[in-house]
2 protein chains.
Amino acid sequence: MPQKTFYTPVEPERPDTVEESPLFKLINPDSIAFLGASNNFGSMGTSQLSSLLELGFEGSVYPVHPKESRILGLKAYRHVADLPEIPDLAILILPTKIVADTLIQCGQKGIKHVIIVSGGFQESGVNGGRLQQQLIQIARQYDMRFLGPNCLGVANPHHKLNTTFLPHVGQPGYVGMVSQSGSFITQMFDYLARMGLGFSTAISVGNEADIDMVAGLEYLALCPHTRVITLYIETIRNPEAFMRVVKDITPQKPIVAYYVGGSESGRRASLSHTGALSGPDVLYEGLFRQTGIIRAKTIEELFDISAILGNKTWPQGDRVIIQTHSGGPGAVAADACDQEGLTVAPLPPSLKNKLADLVPHTGTVGNPVDITFSKDRLAYFSSIPDSLLSAEYYDMLLVYVLMPKQMFARVLRSMDVPEDQIDAETSKLMDEAAASFSRIMQSHAKPVIGFSFHAQDSSAIKFFHTRNIPVMPSPHRAARAIAAVCRYVAWRKSANAT
Amino acid sequence: MPQKTFYTPVEPERPDTVEESPLFKLINPDSIAFLGASNNFGSMGTSQLSSLLELGFEGSVYPVHPKESRILGLKAYRHVADLPEIPDLAILILPTKIVADTLIQCGQKGIKHVIIVSGGFQESGVNGGRLQQQLIQIARQYDMRFLGPNCLGVANPHHKLNTTFLPHVGQPGYVGMVSQSGSFITQMFDYLARMGLGFSTAISVGNEADIDMVAGLEYLALCPHTRVITLYIETIRNPEAFMRVVKDITPQKPIVAYYVGGSESGRRASLSHTGALSGPDVLYEGLFRQTGIIRAKTIEELFDISAILGNKTWPQGDRVIIQTHSGGPGAVAADACDQEGLTVAPLPPSLKNKLADLVPHTGTVGNPVDITFSKDRLAYFSSIPDSLLSAEYYDMLLVYVLMPKQMFARVLRSMDVPEDQIDAETSKLMDEAAASFSRIMQSHAKPVIGFSFHAQDSSAIKFFHTRNIPVMPSPHRAARAIAAVCRYVAWRKSANAT
C-alpha cells in the first residue's frame, strides 16, 4: 500500500452529519428533473422513470423532453431552463454526445446535484476519458456534485426513491451498499427481499468522476438506517482516502466487501466494465485485513454476512451449539462449522442432564442436539432452544428449520379441519412456532441463526424473517457467514481496546 | 487404503441387470405390507403411509395393525399371517423391541424384501448392536434382504413409490442417490424440484445391516432412469467392495459424493447418527480421486454438479465464453471461473468481427461478451449465443439470465395490452426466449449453462428448466460445478483410454 508520505496534504472536509454529505440531497431529494425518459418503453430512461414513479416517490418530478408535452402522465418541459423551480437533483440518461451541454444547462439553472447514467466516458477509452474530464470541469464551474457517469444512480427505499431501471421489490432495510456495478443494486432487490433483507440506501458510483466510493462510505457511515455497509469493488481509485475513512468506520459499523478484480479474468472484465484498473488480490486482501473489512468471497456471502450482522446481538465468541431433528443436516452443519474454524464443542454435563428429559430416547443429547422425530413438536421452538441458549458454554445457537406445509396440512386434515381452512390454520401454526422461537430469542442475549433447505421465500421461512431471525439457505452458507462475523467481532474488540 | 490382499476372497455375485439386484423388488414392488401406520397423524408410520398414498402408488397396500380395521381408508389386517397374498415388500416402522419378532413373522409369511425404518439399533450402542445382529440372523434364516434399520426407505417416483415421511414434490428425474441420511432424500424433494431436478431413485440405507451403499450403487449403475449417482456418506463400511464397484461405474456413469465425516465435529455427529466410524478426510479424498468420484464440498454442490451433468452434452475442455448484458454479473462470473481453474480466454479476432454488428457500441466485445442495454432483446437468446457456440475456440457457453417479469409487463402495458392479459403475454414472451435459446443449443454440440439471481422457481427460470437448460443460482455456484464436471470429463477420457 502507498506510504503515508503520499497522502494528499490537505484532506477534503469530512461530513459530521449525514446532511453535510455531498450525497445527502442526491439521496434524499424533494424534487427531480428527469432527462432521457420518453413514452417509449424500449428506452432505459423510460424504465428508470417508471421505477421512480412505481415506488411512489413523493416529491416533484419534472421530465424534460425536446418534443413530448407529457411523459408517463407527467407534464414535460422542453428545456431545463423552463422548470418551475430549481430541483434538488437532475438525472441524465442521454446520448453521450449531449451530456456535457445538458450538464451546463443544469448548472445554469442552479441545480447542485446530478446523476449521470449515460455511458461512453472513461470506460470506453481515451476519447471517453476526455469527455469525462469535461464533465468534471463543468461541475466545478457551477459548483455541482455528480454521481457517475456510467452508473444507475441510487435507491433509497426509506425515501421512496429508486432511480434504477428495475422496480424496487420488498421493504426498506438496513443494508447499505456502494457498488461499482449498478447491476448489484437493481438486480438484487428481489434477491434481498427473498432473504428478508432490504437496502437502506444503495449507491451505484459508476466511473466515480466526482462523487466516489469514499463519499458513499462516509454517507452510509452516518446514515441512521444503515446497520451494515456492503461494497462491490472492481478497483479502489483513491486508496489513501479509502483507508483513512474505512479505519474510522469499521470499529463502529461493519463493512463487508466483494472484490472482483483479483483474478486475471475478473481484472480484464472490470477494466472494460468501468475502466477500473484493479490490483493484485493479495494487495486487496491485506488492505481488507488491516482495516477490519469483512471479505466476502462470493456475492451470496456479501448478503449472508449482512443477514447475520442484522441479528439484534452478535456472537461474542465462536462456540456454536447446533439444534436439529434430522441427523444428516445436523451432521453437515457440524462439519461445516468445523471446516470454517468455529468451535462445535461437546455438551457440558449440566446441560446434558437438563436435556435428558426433553430429548426422546431415539435422539442424541450431544452437539448437535438431535431431537429426531418427536411428538412434542412445540418443544423444538420453546423449551429446547431455551435450555440451549441458557448454557453459558455457547456463544450462539444454530437451528435446523424444517416446517413442511404439507405435514401440517395432513395433521389438520386428519383432525377434520375443513379443506378451505387448512391453509390459514397451517399458517397460524407456523406463525406460532416462529413467535415462540422469537420470544425465547428475546430473552437471551445471544444470536440465533436458522438454516434450512426451504425456499427463502417459502411461507415457513417468511415467518422467521419477519421476526428478524435469519434463516440461511444451507448449513455451509450459515457456517461461512457466522465465521466471518466472529472474526469481525474479535477484530473489533481489539480495535476498540487500543 | 487396504491392500488387495485384504479383499474378501470370494466376491459376492454382482448383478448384470437391474432386475437381478437385491434391491429391485424393494424399489419396484407391486404390493406392500405396511406395519406401523395408524390413523394418528402424530406418528411417523402414518406420515410414511400418507406419502405413499399421496404419490398414487399403483400396487396393493396392506396396512397391518393390532387394533384398527381400517387405516387411512384402507382395509387393515391384524397379523402379517392374515395378508391375502405374499407382498413383494414389508415396511416396518415399529418400536425397537418388536422389530425382530415382526421380521420373523414376515419371514414365515414368505416376504423376501423388508425396509426397517425403526431406530434403536447399532447407532444407539452395544445393546442396539446386538439387536441388529439378531435382525441379520433372522433375515439369513428366511432368505430375506432388508434395508436399514434406522432409515427412511426409498423413493422411486418413476414407480410412484415414496416410503419417506414427506410427500414427494416435483417430477421424476435422473438423479440417483444413496444416502446414509434419510433427510437428504425426503427433505430434498422440494429443493430438487425448485432446481428443475428430480430423483430417479433415492435409497436411504441407514445402518446398512444387510443391503449397503455398495448394493445401492450397483442398482443405480444399472437403473435406466439414473444418469448421475449422488452419495451422502458418513462412512464407507466396506471400502474394498466400494472401490471395486465404483471403479467399474465411474468410467460409465458419474458419481458425485459428499462426505461429512472429514472434520472432528462431523465425525462425532455421524457416529451418533448412524453409528458410522468415519475416517480422516485425506483418506476419503484419495479414494475419491483414485476412483474418479466427483467430490462435492457442500450439499448444494452435490446437486449443482448433477444439474450440469444433466446437460445433453458435457464440456470437452475447460474454455468458457461468458455472455451477459450486465457488467457486474459478467465480471463476477469471469472472476469465479478463473478462481475455479477454468479458462476464460479473450475472443479470437474472427469472433470479434462477427460480433461487432451484434453488440451495441456501449457494450463490450470481449470475454465476457457484454451486450449492455440493447433494444434488440431477442438477439440475446438467438443470434448472439449462436455466434458464440459456433466459435471453435470455446468448450461451453455461460449465460447470465435476467428476465424480470415487471419489465416485460411495463412494455406490454405501454403497448395497451389489457391488464388481465399482461401475465399471460409476459409468460409467452419469456417462454419464446427460452424456446429460441433451446433451439440454438440443440444445433450445437456444446453445453450451455445459465446463471441468475432469480429465485430458482421463478417463472423465468422454469421456462429454461423445462427445456433442460440448467440455470445456476449464482456465478460462483455455476463456476464451481462446471469446474468439477470438467475435471471428471478429463479423468474419464484418460480412464477409458487405458
# chains A, B, ... in the order shown; residues from 1 in each chain; ligands from 1

$ residues_around --residues "Ile27 (chain A)" --least-positions-apart "6" --cutoff "12 Å" --atoms "only C-alpha atoms" --output "ChimeraX atom specification"
/A:18-19,21,88-91,113-115,146-147,153-163,200-204,216,219-220,223

$ select_by_dssp --residues "region 6-203 of chain B" --states "strand (DSSP E)" --output "PyMOL selection string"
chain B and resi 31-35+60-64+70-71+74-75+89-92+113-116+145-147+153-156+161-162+175-179+199-203

$ residues_around --residues "Gln187 (chain A)" --least-positions-apart "3" --cutoff "9 Å" --atoms "only C-alpha atoms" --output "PyMOL selection string"
(chain A and resi 166+182-184+190-191) or (chain B and resi 402+404+453-454)

$ write_last_selection --atoms "all heavy atoms" --output "mmCIF file, in the first residue's frame"
data_model
loop_
_atom_site.group_PDB
_atom_site.id
_atom_site.type_symbol
_atom_site.label_atom_id
_atom_site.label_comp_id
_atom_site.auth_asym_id
_atom_site.auth_seq_id
_atom_site.Cartn_x
_atom_site.Cartn_y
_atom_site.Cartn_z
ATOM 1 N N LEU A 166 -34.974 -1.218 -12.775
ATOM 2 C CA LEU A 166 -35.896 -2.259 -12.323
ATOM 3 C C LEU A 166 -36.725 -1.746 -11.153
ATOM 4 O O LEU A 166 -36.226 -0.989 -10.321
ATOM 5 C CB LEU A 166 -35.129 -3.522 -11.912
ATOM 6 C CG LEU A 166 -34.577 -4.393 -13.034
ATOM 7 C CD1 LEU A 166 -33.887 -5.620 -12.463
ATOM 8 C CD2 LEU A 166 -35.685 -4.827 -13.984
ATOM 9 N N GLY A 182 -23.922 -1.193 -11.215
ATOM 10 C CA GLY A 182 -25.329 -0.878 -10.949
ATOM 11 C C GLY A 182 -26.166 -2.139 -10.823
ATOM 12 O O GLY A 182 -27.147 -2.182 -10.088
ATOM 13 N N SER A 183 -25.750 -3.197 -11.556
ATOM 14 C CA SER A 183 -26.488 -4.460 -11.526
ATOM 15 C C SER A 183 -26.651 -4.978 -10.108
ATOM 16 O O SER A 183 -27.689 -5.542 -9.763
ATOM 17 C CB SER A 183 -25.743 -5.531 -12.314
ATOM 18 O OG SER A 183 -25.519 -5.110 -13.624
ATOM 19 N N PHE A 184 -25.585 -4.823 -9.303
ATOM 20 C CA PHE A 184 -25.655 -5.403 -7.962
ATOM 21 C C PHE A 184 -26.508 -4.566 -7.020
ATOM 22 O O PHE A 184 -26.644 -4.879 -5.854
ATOM 23 C CB PHE A 184 -24.259 -5.690 -7.414
ATOM 24 C CG PHE A 184 -23.685 -6.906 -8.078
ATOM 25 C CD1 PHE A 184 -22.563 -6.836 -8.872
ATOM 26 C CD2 PHE A 184 -24.334 -8.124 -7.959
ATOM 27 C CE1 PHE A 184 -22.081 -7.957 -9.524
ATOM 28 C CE2 PHE A 184 -23.857 -9.254 -8.597
ATOM 29 C CZ PHE A 184 -22.724 -9.173 -9.387
ATOM 30 N N ASP A 190 -34.889 -8.082 -5.609
ATOM 31 C CA ASP A 190 -35.696 -9.280 -5.432
ATOM 32 C C ASP A 190 -34.943 -10.314 -4.589
ATOM 33 O O ASP A 190 -35.512 -10.960 -3.708
ATOM 34 C CB ASP A 190 -36.011 -9.840 -6.827
ATOM 35 C CG ASP A 190 -36.752 -11.139 -6.759
ATOM 36 O OD1 ASP A 190 -37.739 -11.203 -6.015
ATOM 37 O OD2 ASP A 190 -36.343 -12.093 -7.447
ATOM 38 N N TYR A 191 -33.648 -10.442 -4.862
ATOM 39 C CA TYR A 191 -32.800 -11.389 -4.121
ATOM 40 C C TYR A 191 -32.834 -11.068 -2.626
ATOM 41 O O TYR A 191 -33.028 -11.949 -1.787
ATOM 42 C CB TYR A 191 -31.380 -11.290 -4.681
ATOM 43 C CG TYR A 191 -30.382 -12.246 -4.077
ATOM 44 C CD1 TYR A 191 -30.196 -13.514 -4.607
ATOM 45 C CD2 TYR A 191 -29.610 -11.878 -2.983
ATOM 46 C CE1 TYR A 191 -29.269 -14.391 -4.068
ATOM 47 C CE2 TYR A 191 -28.694 -12.744 -2.432
ATOM 48 C CZ TYR A 191 -28.518 -14.000 -2.969
ATOM 49 O OH TYR A 191 -27.610 -14.862 -2.422
ATOM 50 N N LEU B 402 -31.417 -12.793 -16.978
ATOM 51 C CA LEU B 402 -32.206 -11.823 -16.222
ATOM 52 C C LEU B 402 -33.467 -11.557 -17.022
ATOM 53 O O LEU B 402 -33.391 -10.967 -18.107
ATOM 54 C CB LEU B 402 -31.416 -10.531 -16.026
ATOM 55 C CG LEU B 402 -32.192 -9.358 -15.405
ATOM 56 C CD1 LEU B 402 -32.474 -9.599 -13.930
ATOM 57 C CD2 LEU B 402 -31.431 -8.046 -15.579
ATOM 58 N N PRO B 404 -36.760 -10.068 -15.765
ATOM 59 C CA PRO B 404 -37.698 -9.621 -14.743
ATOM 60 C C PRO B 404 -39.089 -9.421 -15.330
ATOM 61 O O PRO B 404 -39.264 -8.679 -16.302
ATOM 62 C CB PRO B 404 -37.104 -8.301 -14.255
ATOM 63 C CG PRO B 404 -36.102 -7.889 -15.271
ATOM 64 C CD PRO B 404 -35.837 -9.024 -16.199
ATOM 65 N N PHE B 453 -29.683 -14.537 -10.595
ATOM 66 C CA PHE B 453 -30.020 -14.308 -9.187
ATOM 67 C C PHE B 453 -31.533 -14.414 -8.956
ATOM 68 O O PHE B 453 -32.009 -14.162 -7.868
ATOM 69 C CB PHE B 453 -29.492 -12.946 -8.714
ATOM 70 C CG PHE B 453 -27.987 -12.869 -8.675
ATOM 71 C CD1 PHE B 453 -27.270 -12.202 -9.651
ATOM 72 C CD2 PHE B 453 -27.287 -13.487 -7.645
ATOM 73 C CE1 PHE B 453 -25.878 -12.142 -9.611
ATOM 74 C CE2 PHE B 453 -25.902 -13.423 -7.593
ATOM 75 C CZ PHE B 453 -25.193 -12.746 -8.576
ATOM 76 N N HIS B 454 -32.262 -14.755 -10.006
ATOM 77 C CA HIS B 454 -33.694 -15.004 -9.835
ATOM 78 C C HIS B 454 -33.890 -16.180 -8.878
ATOM 79 O O HIS B 454 -33.031 -17.045 -8.762
ATOM 80 C CB HIS B 454 -34.333 -15.431 -11.164
ATOM 81 C CG HIS B 454 -34.558 -14.318 -12.149
ATOM 82 N ND1 HIS B 454 -35.228 -13.172 -11.835
ATOM 83 C CD2 HIS B 454 -34.217 -14.204 -13.458
ATOM 84 C CE1 HIS B 454 -35.280 -12.383 -12.906
ATOM 85 N NE2 HIS B 454 -34.663 -12.988 -13.907
#

$ closest_atom_pairs --of "chain A" --to "chain B" --cutoff "6 Å" --atoms "only C-alpha atoms" --output "JSON lines"
{"residue": "A:Phe41", "atom": "CA", "partner": "B:Val411", "partner_atom": "CA", "distance": 5.4}
{"residue": "A:Ser181", "atom": "CA", "partner": "B:Gly328", "partner_atom": "CA", "distance": 5.0}
{"residue": "A:Ser183", "atom": "CA", "partner": "B:Gly328", "partner_atom": "CA", "distance": 5.9}
{"residue": "A:Val260", "atom": "CA", "partner": "B:Val332", "partner_atom": "CA", "distance": 5.9}
{"residue": "A:Ser263", "atom": "CA", "partner": "B:Asp335", "partner_atom": "CA", "distance": 5.6}
{"residue": "A:Ser265", "atom": "CA", "partner": "B:Ala334", "partner_atom": "CA", "distance": 5.3}
{"residue": "A:Gly266", "atom": "CA", "partner": "B:Asp335", "partner_atom": "CA", "distance": 4.1}
{"residue": "A:Ala269", "atom": "CA", "partner": "B:Ala331", "partner_atom": "CA", "distance": 4.9}
{"residue": "A:Ser270", "atom": "CA", "partner": "B:Ala331", "partner_atom": "CA", "distance": 5.9}
{"residue": "A:His273", "atom": "CA", "partner": "B:Gly327", "partner_atom": "CA", "distance": 5.5}
{"residue": "A:Gly327", "atom": "CA", "partner": "B:His273", "partner_atom": "CA", "distance": 5.5}
{"residue": "A:Gly328", "atom": "CA", "partner": "B:Ser181", "partner_atom": "CA", "distance": 5.0}
{"residue": "A:Ala331", "atom": "CA", "partner": "B:Ala269", "partner_atom": "CA", "distance": 4.9}
{"residue": "A:Val332", "atom": "CA", "partner": "B:Val260", "partner_atom": "CA", "distance": 5.9}
{"residue": "A:Ala334", "atom": "CA", "partner": "B:Gly266", "partner_atom": "CA", "distance": 5.3}
{"residue": "A:Asp335", "atom": "CA", "partner": "B:Gly266", "partner_atom": "CA", "distance": 4.1}
{"residue": "A:Val411", "atom": "CA", "partner": "B:Phe41", "partner_atom": "CA", "distance": 5.4}

$ select_by_dssp --residues "region 100-154 of chain A" --states "helix (DSSP H, G or I)" --output "compact mmCIF listing (two decimals) with all heavy atoms, in the first residue's frame"
# COMPACT_ATOMS: atom_id res chain seq x y z
N ALA A 100 -22.59 16.72 -21.86
CA ALA A 100 -21.86 17.90 -21.37
C ALA A 100 -22.72 19.16 -21.50
O ALA A 100 -22.86 19.93 -20.53
CB ALA A 100 -20.56 18.05 -22.13
N ASP A 101 -23.32 19.36 -22.67
CA ASP A 101 -24.16 20.55 -22.86
C ASP A 101 -25.33 20.59 -21.87
O ASP A 101 -25.66 21.65 -21.33
CB ASP A 101 -24.71 20.59 -24.30
CG ASP A 101 -23.66 21.10 -25.27
OD1 ASP A 101 -22.63 21.64 -24.78
OD2 ASP A 101 -23.86 20.96 -26.50
N THR A 102 -25.92 19.42 -21.66
CA THR A 102 -27.06 19.36 -20.73
C THR A 102 -26.61 19.66 -19.31
O THR A 102 -27.32 20.31 -18.54
CB THR A 102 -27.74 17.98 -20.82
OG1 THR A 102 -27.93 17.65 -22.19
CG2 THR A 102 -29.08 17.98 -20.10
N LEU A 103 -25.42 19.19 -18.98
CA LEU A 103 -24.88 19.46 -17.63
C LEU A 103 -24.70 20.97 -17.44
O LEU A 103 -24.98 21.51 -16.37
CB LEU A 103 -23.55 18.71 -17.43
CG LEU A 103 -23.00 18.68 -16.01
CD1 LEU A 103 -23.98 17.99 -15.04
CD2 LEU A 103 -21.65 17.96 -15.95
N ILE A 104 -24.24 21.66 -18.50
CA ILE A 104 -24.11 23.12 -18.44
C ILE A 104 -25.47 23.76 -18.18
O ILE A 104 -25.62 24.63 -17.31
CB ILE A 104 -23.49 23.66 -19.75
CG1 ILE A 104 -22.01 23.21 -19.85
CG2 ILE A 104 -23.58 25.19 -19.82
CD1 ILE A 104 -21.35 23.52 -21.19
N GLN A 105 -26.50 23.28 -18.90
CA GLN A 105 -27.85 23.82 -18.69
C GLN A 105 -28.30 23.62 -17.24
O GLN A 105 -28.94 24.50 -16.65
CB GLN A 105 -28.84 23.15 -19.65
CG GLN A 105 -28.63 23.55 -21.11
CD GLN A 105 -29.33 22.59 -22.08
OE1 GLN A 105 -30.30 21.94 -21.71
NE2 GLN A 105 -28.82 22.50 -23.29
N CYS A 106 -27.98 22.45 -16.69
CA CYS A 106 -28.33 22.18 -15.28
C CYS A 106 -27.62 23.18 -14.38
O CYS A 106 -28.21 23.73 -13.44
CB CYS A 106 -27.95 20.76 -14.88
SG CYS A 106 -28.97 19.50 -15.67
N GLY A 107 -26.33 23.41 -14.67
CA GLY A 107 -25.55 24.35 -13.88
C GLY A 107 -26.14 25.76 -13.97
O GLY A 107 -26.26 26.46 -12.97
N GLN A 108 -26.51 26.13 -15.18
CA GLN A 108 -27.07 27.48 -15.38
C GLN A 108 -28.40 27.65 -14.64
O GLN A 108 -28.71 28.72 -14.13
CB GLN A 108 -27.26 27.74 -16.88
CG GLN A 108 -25.92 27.96 -17.57
CD GLN A 108 -26.02 27.95 -19.09
OE1 GLN A 108 -26.97 27.41 -19.65
NE2 GLN A 108 -25.02 28.54 -19.74
N LYS A 109 -29.15 26.57 -14.56
CA LYS A 109 -30.43 26.63 -13.84
C LYS A 109 -30.19 26.77 -12.33
O LYS A 109 -31.06 27.21 -11.59
CB LYS A 109 -31.23 25.35 -14.15
CG LYS A 109 -32.58 25.24 -13.48
CD LYS A 109 -33.61 26.19 -14.09
CE LYS A 109 -34.94 26.15 -13.34
NZ LYS A 109 -35.92 27.10 -13.89
N GLN A 122 -14.98 7.44 -19.52
CA GLN A 122 -13.72 6.77 -19.15
C GLN A 122 -13.66 5.29 -19.55
O GLN A 122 -12.64 4.80 -20.03
CB GLN A 122 -13.56 6.89 -17.63
CG GLN A 122 -12.27 6.31 -17.07
CD GLN A 122 -11.13 7.32 -17.08
OE1 GLN A 122 -11.26 8.43 -16.61
NE2 GLN A 122 -10.02 6.91 -17.65
N GLU A 123 -14.78 4.58 -19.34
CA GLU A 123 -14.78 3.12 -19.55
C GLU A 123 -14.61 2.75 -21.01
O GLU A 123 -14.31 1.60 -21.32
CB GLU A 123 -16.07 2.51 -18.97
CG GLU A 123 -17.32 2.57 -19.85
CD GLU A 123 -17.99 3.95 -19.88
OE1 GLU A 123 -17.43 4.91 -19.30
OE2 GLU A 123 -19.06 4.06 -20.51
N SER A 124 -14.79 3.75 -21.94
CA SER A 124 -14.75 3.36 -23.36
C SER A 124 -13.48 3.83 -24.06
O SER A 124 -13.40 3.77 -25.29
CB SER A 124 -16.00 3.86 -24.08
OG SER A 124 -16.00 5.26 -24.10
N VAL A 126 -9.80 6.47 -24.57
CA VAL A 126 -9.17 7.78 -24.42
C VAL A 126 -10.14 8.93 -24.68
O VAL A 126 -10.23 9.88 -23.91
CB VAL A 126 -7.94 7.89 -25.37
CG1 VAL A 126 -7.27 9.25 -25.22
CG2 VAL A 126 -6.95 6.77 -25.07
N ASN A 127 -10.89 8.85 -25.78
CA ASN A 127 -11.84 9.92 -26.08
C ASN A 127 -12.87 10.07 -24.98
O ASN A 127 -13.19 11.20 -24.56
CB ASN A 127 -12.57 9.64 -27.40
CG ASN A 127 -11.71 10.08 -28.57
OD1 ASN A 127 -10.83 10.94 -28.40
ND2 ASN A 127 -11.95 9.49 -29.73
N GLY A 128 -13.38 8.94 -24.53
CA GLY A 128 -14.35 8.96 -23.44
C GLY A 128 -13.75 9.60 -22.20
O GLY A 128 -14.42 10.34 -21.47
N GLY A 129 -12.49 9.31 -21.95
CA GLY A 129 -11.79 9.89 -20.80
C GLY A 129 -11.78 11.42 -20.89
O GLY A 129 -11.99 12.11 -19.89
N ARG A 130 -11.55 11.91 -22.11
CA ARG A 130 -11.53 13.37 -22.30
C ARG A 130 -12.90 13.98 -22.02
O ARG A 130 -13.03 15.00 -21.35
CB ARG A 130 -11.11 13.69 -23.74
CG ARG A 130 -9.61 13.85 -23.84
CD ARG A 130 -9.19 14.41 -25.19
NE ARG A 130 -7.97 13.70 -25.61
CZ ARG A 130 -7.86 12.90 -26.65
NH1 ARG A 130 -8.91 12.68 -27.44
NH2 ARG A 130 -6.72 12.30 -26.91
N LEU A 131 -13.93 13.29 -22.53
CA LEU A 131 -15.30 13.77 -22.28
C LEU A 131 -15.60 13.82 -20.78
O LEU A 131 -16.26 14.72 -20.28
CB LEU A 131 -16.31 12.86 -22.98
CG LEU A 131 -16.39 12.96 -24.51
CD1 LEU A 131 -17.35 11.91 -25.06
CD2 LEU A 131 -16.85 14.36 -24.93
N GLN A 132 -15.08 12.81 -20.08
CA GLN A 132 -15.32 12.74 -18.63
C GLN A 132 -14.65 13.92 -17.90
O GLN A 132 -15.24 14.51 -17.00
CB GLN A 132 -14.81 11.40 -18.08
CG GLN A 132 -15.16 11.18 -16.62
CD GLN A 132 -15.04 9.71 -16.20
OE1 GLN A 132 -15.54 8.82 -16.90
NE2 GLN A 132 -14.37 9.47 -15.10
N GLN A 133 -13.44 14.26 -18.34
CA GLN A 133 -12.75 15.42 -17.76
C GLN A 133 -13.57 16.69 -17.94
O GLN A 133 -13.64 17.54 -17.05
CB GLN A 133 -11.37 15.60 -18.44
CG GLN A 133 -10.29 14.66 -17.90
CD GLN A 133 -10.14 14.76 -16.39
OE1 GLN A 133 -10.12 15.86 -15.83
NE2 GLN A 133 -10.07 13.62 -15.73
N GLN A 134 -14.20 16.78 -19.10
CA GLN A 134 -15.04 17.93 -19.39
C GLN A 134 -16.20 18.04 -18.38
O GLN A 134 -16.51 19.12 -17.89
CB GLN A 134 -15.60 17.73 -20.80
CG GLN A 134 -15.81 18.99 -21.60
CD GLN A 134 -16.44 18.63 -22.96
OE1 GLN A 134 -16.15 17.57 -23.56
NE2 GLN A 134 -17.31 19.50 -23.43
N LEU A 135 -16.80 16.89 -18.07
CA LEU A 135 -17.91 16.89 -17.09
C LEU A 135 -17.43 17.41 -15.75
O LEU A 135 -18.10 18.20 -15.08
CB LEU A 135 -18.47 15.47 -16.91
CG LEU A 135 -19.05 14.75 -18.12
CD1 LEU A 135 -19.63 13.39 -17.70
CD2 LEU A 135 -20.11 15.59 -18.82
N ILE A 136 -16.24 16.97 -15.36
CA ILE A 136 -15.68 17.40 -14.06
C ILE A 136 -15.49 18.91 -14.04
O ILE A 136 -15.86 19.59 -13.08
CB ILE A 136 -14.34 16.67 -13.79
CG1 ILE A 136 -14.58 15.15 -13.67
CG2 ILE A 136 -13.66 17.20 -12.52
CD1 ILE A 136 -13.33 14.29 -13.66
N GLN A 137 -14.95 19.44 -15.16
CA GLN A 137 -14.73 20.89 -15.22
C GLN A 137 -16.05 21.67 -15.15
O GLN A 137 -16.15 22.67 -14.43
CB GLN A 137 -13.98 21.26 -16.51
CG GLN A 137 -12.48 21.00 -16.38
CD GLN A 137 -11.81 20.80 -17.73
OE1 GLN A 137 -12.37 21.18 -18.75
NE2 GLN A 137 -10.63 20.22 -17.72
N ILE A 138 -17.03 21.20 -15.87
CA ILE A 138 -18.35 21.87 -15.84
C ILE A 138 -18.91 21.86 -14.42
O ILE A 138 -19.38 22.88 -13.91
CB ILE A 138 -19.33 21.18 -16.82
CG1 ILE A 138 -18.83 21.31 -18.26
CG2 ILE A 138 -20.74 21.75 -16.68
CD1 ILE A 138 -19.53 20.40 -19.25
N ALA A 139 -18.82 20.71 -13.76
CA ALA A 139 -19.37 20.59 -12.40
C ALA A 139 -18.66 21.55 -11.45
O ALA A 139 -19.30 22.23 -10.65
CB ALA A 139 -19.21 19.15 -11.91
N ARG A 140 -17.33 21.67 -11.58
CA ARG A 140 -16.57 22.59 -10.72
C ARG A 140 -17.03 24.02 -10.96
O ARG A 140 -17.24 24.80 -10.03
CB ARG A 140 -15.07 22.46 -11.03
CG ARG A 140 -14.53 21.09 -10.64
CD ARG A 140 -13.30 21.17 -9.78
NE ARG A 140 -13.02 19.80 -9.28
CZ ARG A 140 -12.00 19.05 -9.68
NH1 ARG A 140 -11.11 19.54 -10.54
NH2 ARG A 140 -11.83 17.85 -9.19
N GLN A 141 -17.17 24.34 -12.28
CA GLN A 141 -17.53 25.70 -12.66
C GLN A 141 -18.85 26.13 -12.02
O GLN A 141 -19.00 27.25 -11.55
CB GLN A 141 -17.62 25.75 -14.19
CG GLN A 141 -17.80 27.12 -14.77
CD GLN A 141 -17.94 27.05 -16.29
OE1 GLN A 141 -17.57 26.05 -16.92
NE2 GLN A 141 -18.47 28.12 -16.86

$ atom_distance --atom1 "CA of Val117 (chain A)" --atom2 "CA of Ile236 (chain A)"
20.4 Å
